[in-house]
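Each remark here refers to the structure printed beneath this line.
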Amino acid sequence: MSELKIFNSLSRTKEVFTPLTPGHVGMYVCGPTVSGESHLGHARPYVTFDVVFRYLQHLGYKVRYVRNITDAGHFEEEGKEAEDKISKKAVLEKLEPMELVHKYTNLFHWAMQRFNTLSPSIEPTATGHIVEQIGMIEKIIADGYAYEVNGSVYFDVKKYAANFDYGKLSGRVIDDLLETTRDLDGQEEKRDRADFALWKSAAPEHIMRWQSPWGVGFPGWHIECSAMATKYLGPRFDIHGGGMDLQFPHHESEIAQSTICNHEAPVRYWMHNNMITVDGKKMGKSYGNHITFTQLFSGDSPVLAKAYHPMVIRFFILQTHYRSTLDFSNEALQAAERGLKRLWEAYEHLQKLVRTGDSDNAGDAALDERVSGLIKEFEEFMNDDFSTAKILANMFELVPTINSMKDQTIATSALSAATFELLQNQMRVYLEDILGIQSVSEQDNGKLQAVMQLVMDIRREARGRKDFATSDKIRNQLQEIGILLKDEKNGEMSFTIS
RNA sequence: GGUCCUGUGGCCGAGUGGCUAGGCAGAGCUCUGCAAAAGCUCCUACAGCGGUUCGAAUCCGCUCGGGACCUCCA
């Protein structure tokens, strides 16, 4: 059995994964900021790390997966008017900040469920951990790596860089940073331009505010992740994930804060997913090219040719390696939609197949070997830094064989009993349990099934007496309703709801 | 400007120096009362120019193109 290898952003190489505590894995992933609705770009990390979570569990690890909810509202640290994004929007919408946060948190959870992502083990909120964040800042000040100015607290990057490797994760050189940081308001408080805020004093109109040793204010934009990761996973844990765009400054700052506070580097394996792009450009709210989940699922957007099922999005994401960019287009999504349909239907047929034959041996040794070879590669691909795209490619290579067995042009006994079972079992494990793919069609309704059975029986009778006018009428009218009837090769009928 | 990534067939995308990934679209055939599916076959690409090598999409250099981060950002 091959070992799991993970590409570690810190070393920029694939490393064999060995957890800190045998049998257990601690994983932290940067979660959503719930000041607005999440969009397609956000689906990437959550699907990616859902698969990581699922696979680690499949390998037998007990995983504690922590994904935060940022509800404190990151202020624009060096913005023209240091203000809380959430509080500003709350005024516009005439809502309480927490009402807004609640609304978007619910919307996020709803979308995550539709994407069939498993719930994290712990989903801590920033506002629920103000005490921990203040505690952490106090420790950093006590160690001399942070200073207070006018009720705000800043991290002393220059001092940190003198003793530790600031920029290691993102490949940045501290001197360059000092030169390239732009001249913005609020800089005069800092001793150095590269310093970042741990705690920010709140202006009177600022709605989200907490009492602290330095006065009324709110936490800085990196400290929440450090505080919550430390609390739930310990000072040093296995995996930290997030989007590549968070590598700097967010994750770099997390390392600095935690290193000072806990006296060791917090993360062993850093994982970063790449971006979803539109016409080659990163999808993002500020670029105005983002598509929200509700738009995606309803098709309600000028850039969408139609609505897309969440499973299509999930499949679309998994067809590319997580460290590559993924370009959005209607054409690409529709290709994914058709491909998923083909794969899923073959999969469903496979699960219904029963192997028949007198011998447990393979009737077609060459085919048997090919099939078992393709299946055994699943694990190898997954262990190679989660190459989900390759697994799906192998699954597609198995589809013709599966469909031929369904159509009885290949006997089920062409495969040995062992390979046949392996095929059924591993397809289920990898497609459903690990990749987390589900049926796209509407939930099965017992009564609908019964009605359809009746309709199909009537049509079968009509065809039996060559009454094609009736049989075609049934099929055509069902198609208008959105139900596709198919005559299978063995005389059976099946239907799919589109 | 600095740091880094990237350029694959009509489109999307895997690709560890040698053995045509895969999907979608397209073409032909088979099966079918007709469809729809499905099966079989075809479509053999790696930005350009050099170099290393017996051999390069894969390594190195240069040129051109695209992008990310340096500011909130998944």
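Simple scheme: letters A, B, ... for chains in structure tokens order, numbers from 1 for residues in each chain, numbers from 1 for ligands in the order shown.
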Give the residues of chain B that lie within 8 Å of chain A; count only C-alpha atoms (C1' of nucleotides), and format the answer as a list in words.
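Every residue meeting the condition is included here: G2, U3, C4, C11, C12, G13, A14, A21, G22, G23, C24, G33, A36, A37, A38, G39, G66, G67, A68, C69, C70, U71, C72, C73 and A74 of chain B.
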Using DSSP secondary structure from the backbone, list all strand (DSSP E or B) positions within region 309-431 of chain A, as a list of chain:residue names.
A:Leu326, A:Asp327, A:Phe328, A:Asp384
Which of region 63-248 of chain A fall in helix (DSSP H, G or I), as a PyMOL selection string:
chain A and resi 85-93+97-114+127-142+157-163+174-180+187-189+223-233+244-248
Would you put the residues from that selection into a file with C-alpha atoms, as a PDB file, in the first residue's frame?
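Just written: result07.pdb:
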```pdb
ATOM      1  CA  LYS A  85     -17.435  45.731   6.764  1.00  0.00           C
ATOM      2  CA  ILE A  86     -20.253  44.072   8.571  1.00  0.00           C
ATOM      3  CA  SER A  87     -21.326  47.077  10.562  1.00  0.00           C
ATOM      4  CA  LYS A  88     -21.351  49.295   7.495  1.00  0.00           C
ATOM      5  CA  LYS A  89     -23.512  46.935   5.536  1.00  0.00           C
ATOM      6  CA  ALA A  90     -25.760  46.440   8.505  1.00  0.00           C
ATOM      7  CA  VAL A  91     -26.610  50.094   8.514  1.00  0.00           C
ATOM      8  CA  LEU A  92     -27.426  49.995   4.816  1.00  0.00           C
ATOM      9  CA  GLU A  93     -29.723  47.048   5.214  1.00  0.00           C
ATOM     10  CA  PRO A  97     -24.986  42.920  12.616  1.00  0.00           C
ATOM     11  CA  MET A  98     -25.729  39.597  14.212  1.00  0.00           C
ATOM     12  CA  GLU A  99     -28.947  39.308  12.241  1.00  0.00           C
ATOM     13  CA  LEU A 100     -26.973  39.711   9.052  1.00  0.00           C
ATOM     14  CA  VAL A 101     -24.357  37.235  10.215  1.00  0.00           C
ATOM     15  CA  HIS A 102     -27.040  34.733  11.099  1.00  0.00           C
ATOM     16  CA  LYS A 103     -28.727  35.051   7.728  1.00  0.00           C
ATOM     17  CA  TYR A 104     -25.564  34.464   5.741  1.00  0.00           C
ATOM     18  CA  THR A 105     -24.374  31.704   8.031  1.00  0.00           C
ATOM     19  CA  ASN A 106     -27.606  29.840   7.406  1.00  0.00           C
ATOM     20  CA  LEU A 107     -27.312  30.420   3.681  1.00  0.00           C
ATOM     21  CA  PHE A 108     -23.771  29.094   3.762  1.00  0.00           C
ATOM     22  CA  HIS A 109     -24.798  25.972   5.632  1.00  0.00           C
ATOM     23  CA  TRP A 110     -27.637  25.373   3.229  1.00  0.00           C
ATOM     24  CA  ALA A 111     -25.244  25.533   0.259  1.00  0.00           C
ATOM     25  CA  MET A 112     -22.681  23.308   1.978  1.00  0.00           C
ATOM     26  CA  GLN A 113     -25.356  20.720   2.531  1.00  0.00           C
ATOM     27  CA  ARG A 114     -26.392  20.848  -1.098  1.00  0.00           C
ATOM     28  CA  THR A 127     -17.257  36.535  18.030  1.00  0.00           C
ATOM     29  CA  GLY A 128     -17.455  33.541  20.333  1.00  0.00           C
ATOM     30  CA  HIS A 129     -13.696  33.616  20.898  1.00  0.00           C
ATOM     31  CA  ILE A 130     -12.924  37.223  21.723  1.00  0.00           C
ATOM     32  CA  VAL A 131     -11.584  36.172  25.113  1.00  0.00           C
ATOM     33  CA  GLU A 132      -9.140  33.712  23.563  1.00  0.00           C
ATOM     34  CA  GLN A 133      -8.005  36.289  21.053  1.00  0.00           C
ATOM     35  CA  ILE A 134      -7.368  38.875  23.741  1.00  0.00           C
ATOM     36  CA  GLY A 135      -5.470  36.284  25.745  1.00  0.00           C
ATOM     37  CA  MET A 136      -3.264  35.510  22.803  1.00  0.00           C
ATOM     38  CA  ILE A 137      -2.533  39.174  22.147  1.00  0.00           C
ATOM     39  CA  GLU A 138      -1.554  39.647  25.792  1.00  0.00           C
ATOM     40  CA  LYS A 139       0.937  36.822  25.547  1.00  0.00           C
ATOM     41  CA  ILE A 140       2.446  38.293  22.391  1.00  0.00           C
ATOM     42  CA  ILE A 141       2.808  41.688  24.077  1.00  0.00           C
ATOM     43  CA  ALA A 142       4.385  40.051  27.118  1.00  0.00           C
ATOM     44  CA  VAL A 157       7.050  42.144  12.103  1.00  0.00           C
ATOM     45  CA  LYS A 158      10.566  43.533  11.924  1.00  0.00           C
ATOM     46  CA  LYS A 159      11.490  42.145  15.299  1.00  0.00           C
ATOM     47  CA  TYR A 160       9.927  38.805  14.441  1.00  0.00           C
ATOM     48  CA  ALA A 161      11.774  38.677  11.136  1.00  0.00           C
ATOM     49  CA  ALA A 162      15.069  39.251  12.924  1.00  0.00           C
ATOM     50  CA  ASN A 163      14.645  36.039  14.914  1.00  0.00           C
ATOM     51  CA  ILE A 174      10.881  41.201   4.411  1.00  0.00           C
ATOM     52  CA  ASP A 175      12.902  44.055   2.924  1.00  0.00           C
ATOM     53  CA  ASP A 176      10.856  43.956  -0.249  1.00  0.00           C
ATOM     54  CA  LEU A 177       7.692  44.153   1.779  1.00  0.00           C
ATOM     55  CA  LEU A 178       8.843  47.272   3.507  1.00  0.00           C
ATOM     56  CA  GLU A 179       9.467  48.966   0.208  1.00  0.00           C
ATOM     57  CA  THR A 180       6.368  47.849  -1.656  1.00  0.00           C
ATOM     58  CA  GLN A 187       0.375  54.059   9.007  1.00  0.00           C
ATOM     59  CA  GLU A 188       1.693  56.621  11.419  1.00  0.00           C
ATOM     60  CA  GLU A 189       0.578  54.517  14.367  1.00  0.00           C
ATOM     61  CA  ILE A 223      -5.737  36.522  15.171  1.00  0.00           C
ATOM     62  CA  GLU A 224      -9.043  34.649  15.184  1.00  0.00           C
ATOM     63  CA  CYS A 225      -7.682  31.701  13.206  1.00  0.00           C
ATOM     64  CA  SER A 226      -4.612  31.444  15.417  1.00  0.00           C
ATOM     65  CA  ALA A 227      -6.678  31.600  18.580  1.00  0.00           C
ATOM     66  CA  MET A 228      -9.289  29.075  17.535  1.00  0.00           C
ATOM     67  CA  ALA A 229      -6.834  26.659  15.951  1.00  0.00           C
ATOM     68  CA  THR A 230      -4.736  26.720  19.119  1.00  0.00           C
ATOM     69  CA  LYS A 231      -7.752  26.200  21.317  1.00  0.00           C
ATOM     70  CA  TYR A 232      -9.184  23.222  19.457  1.00  0.00           C
ATOM     71  CA  LEU A 233      -6.157  21.637  17.838  1.00  0.00           C
ATOM     72  CA  MET A 244      -3.880  30.377  -2.220  1.00  0.00           C
ATOM     73  CA  ASP A 245      -4.871  34.001  -1.919  1.00  0.00           C
ATOM     74  CA  LEU A 246      -4.696  33.652   1.858  1.00  0.00           C
ATOM     75  CA  GLN A 247      -1.094  32.546   1.854  1.00  0.00           C
ATOM     76  CA  PHE A 248       0.016  36.118   2.297  1.00  0.00           C
TER      77      PHE A 248
END
```
Considering only C-alpha atoms (C1' of nucleotides), return as a PyMOL selection string whatever protein or nucleic-acid residues lie within 12 Å of U52 (chain B), sequence-local ones (same chain, fewer than 5 positions apart) excluded.
chain B and resi 17+59-61
Close residues, A27 (chain B) itself excluded, 12 Å, only C-alpha atoms (C1' of nucleotides), min 6 positions apart in chain, as a ChimeraX atom specification
/B:41-43
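Going from CA of Phe164 (chain A) to CA of Glu254 (chain A) covers 13.3 Å.
CA of Met27 (chain A) lies 13.4 Å from CA of Pro124 (chain A).
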For U44 (chain B), which of B:A25, B:U20, B:C62, B:U30 is the closest residue, counting only C-alpha atoms (C1' of nucleotides)?
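Using only C-alpha atoms (C1' of nucleotides), U44 (chain B) sits closest to B:U20.
The coordinates place CA of Glu345 (chain A) at 26.6 Å from CA of Ala462 (chain A).
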So that I can check the surroundings of Val216 (chain A), please list as a PDB file with all heavy atoms, in the first residue's frame every protein, DNA and RNA residue that reaches within 7 Å of it, counting only C-alpha atoms (C1' of nucleotides) and ignoring chain neighbours fewer than 5 positions away.
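Listing of selection-v2.pdb after writing:
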```pdb
ATOM      1  N   SER A 201      -8.591  49.682  17.830  1.00  0.00           N
ATOM      2  CA  SER A 201      -9.495  50.540  18.590  1.00  0.00           C
ATOM      3  C   SER A 201     -10.721  50.876  17.742  1.00  0.00           C
ATOM      4  O   SER A 201     -10.609  51.131  16.545  1.00  0.00           O
ATOM      5  CB  SER A 201      -8.732  51.817  18.964  1.00  0.00           C
ATOM      6  OG  SER A 201      -9.640  52.793  19.394  1.00  0.00           O
ATOM      7  N   ALA A 202     -11.899  50.876  18.373  1.00  0.00           N
ATOM      8  CA  ALA A 202     -13.138  51.103  17.621  1.00  0.00           C
ATOM      9  C   ALA A 202     -13.591  52.551  17.721  1.00  0.00           C
ATOM     10  O   ALA A 202     -13.643  53.125  18.807  1.00  0.00           O
ATOM     11  CB  ALA A 202     -14.234  50.177  18.140  1.00  0.00           C
ATOM     12  N   ARG A 209     -18.141  45.837  18.868  1.00  0.00           N
ATOM     13  CA  ARG A 209     -17.074  46.323  19.732  1.00  0.00           C
ATOM     14  C   ARG A 209     -17.041  45.534  21.028  1.00  0.00           C
ATOM     15  O   ARG A 209     -18.069  45.106  21.548  1.00  0.00           O
ATOM     16  CB  ARG A 209     -17.276  47.816  20.012  1.00  0.00           C
ATOM     17  CG  ARG A 209     -18.690  48.143  20.499  1.00  0.00           C
ATOM     18  CD  ARG A 209     -19.082  49.573  20.208  1.00  0.00           C
ATOM     19  NE  ARG A 209     -18.323  50.521  21.016  1.00  0.00           N
ATOM     20  CZ  ARG A 209     -17.753  51.611  20.508  1.00  0.00           C
ATOM     21  NH1 ARG A 209     -17.847  51.890  19.226  1.00  0.00           N
ATOM     22  NH2 ARG A 209     -17.091  52.438  21.281  1.00  0.00           N
ATOM     23  N   TRP A 210     -15.848  45.369  21.513  1.00  0.00           N
ATOM     24  CA  TRP A 210     -15.666  44.603  22.742  1.00  0.00           C
ATOM     25  C   TRP A 210     -14.689  45.320  23.659  1.00  0.00           C
ATOM     26  O   TRP A 210     -13.778  46.008  23.184  1.00  0.00           O
ATOM     27  CB  TRP A 210     -15.129  43.198  22.428  1.00  0.00           C
ATOM     28  CG  TRP A 210     -16.115  42.314  21.728  1.00  0.00           C
ATOM     29  CD1 TRP A 210     -16.998  41.456  22.315  1.00  0.00           C
ATOM     30  CD2 TRP A 210     -16.322  42.207  20.316  1.00  0.00           C
ATOM     31  NE1 TRP A 210     -17.754  40.822  21.358  1.00  0.00           N
ATOM     32  CE2 TRP A 210     -17.362  41.264  20.125  1.00  0.00           C
ATOM     33  CE3 TRP A 210     -15.767  42.815  19.190  1.00  0.00           C
ATOM     34  CZ2 TRP A 210     -17.833  40.907  18.861  1.00  0.00           C
ATOM     35  CZ3 TRP A 210     -16.234  42.455  17.935  1.00  0.00           C
ATOM     36  CH2 TRP A 210     -17.251  41.515  17.780  1.00  0.00           C
ATOM     37  N   GLN A 211     -14.874  45.099  24.942  1.00  0.00           N
ATOM     38  CA  GLN A 211     -13.965  45.658  25.931  1.00  0.00           C
ATOM     39  C   GLN A 211     -12.679  44.840  25.946  1.00  0.00           C
ATOM     40  O   GLN A 211     -12.718  43.616  25.851  1.00  0.00           O
ATOM     41  CB  GLN A 211     -14.637  45.609  27.314  1.00  0.00           C
ATOM     42  CG  GLN A 211     -13.887  46.349  28.394  1.00  0.00           C
ATOM     43  CD  GLN A 211     -13.720  47.843  28.075  1.00  0.00           C
ATOM     44  OE1 GLN A 211     -12.605  48.333  27.912  1.00  0.00           O
ATOM     45  NE2 GLN A 211     -14.841  48.560  27.987  1.00  0.00           N
TER      46      GLN A 211
END
```
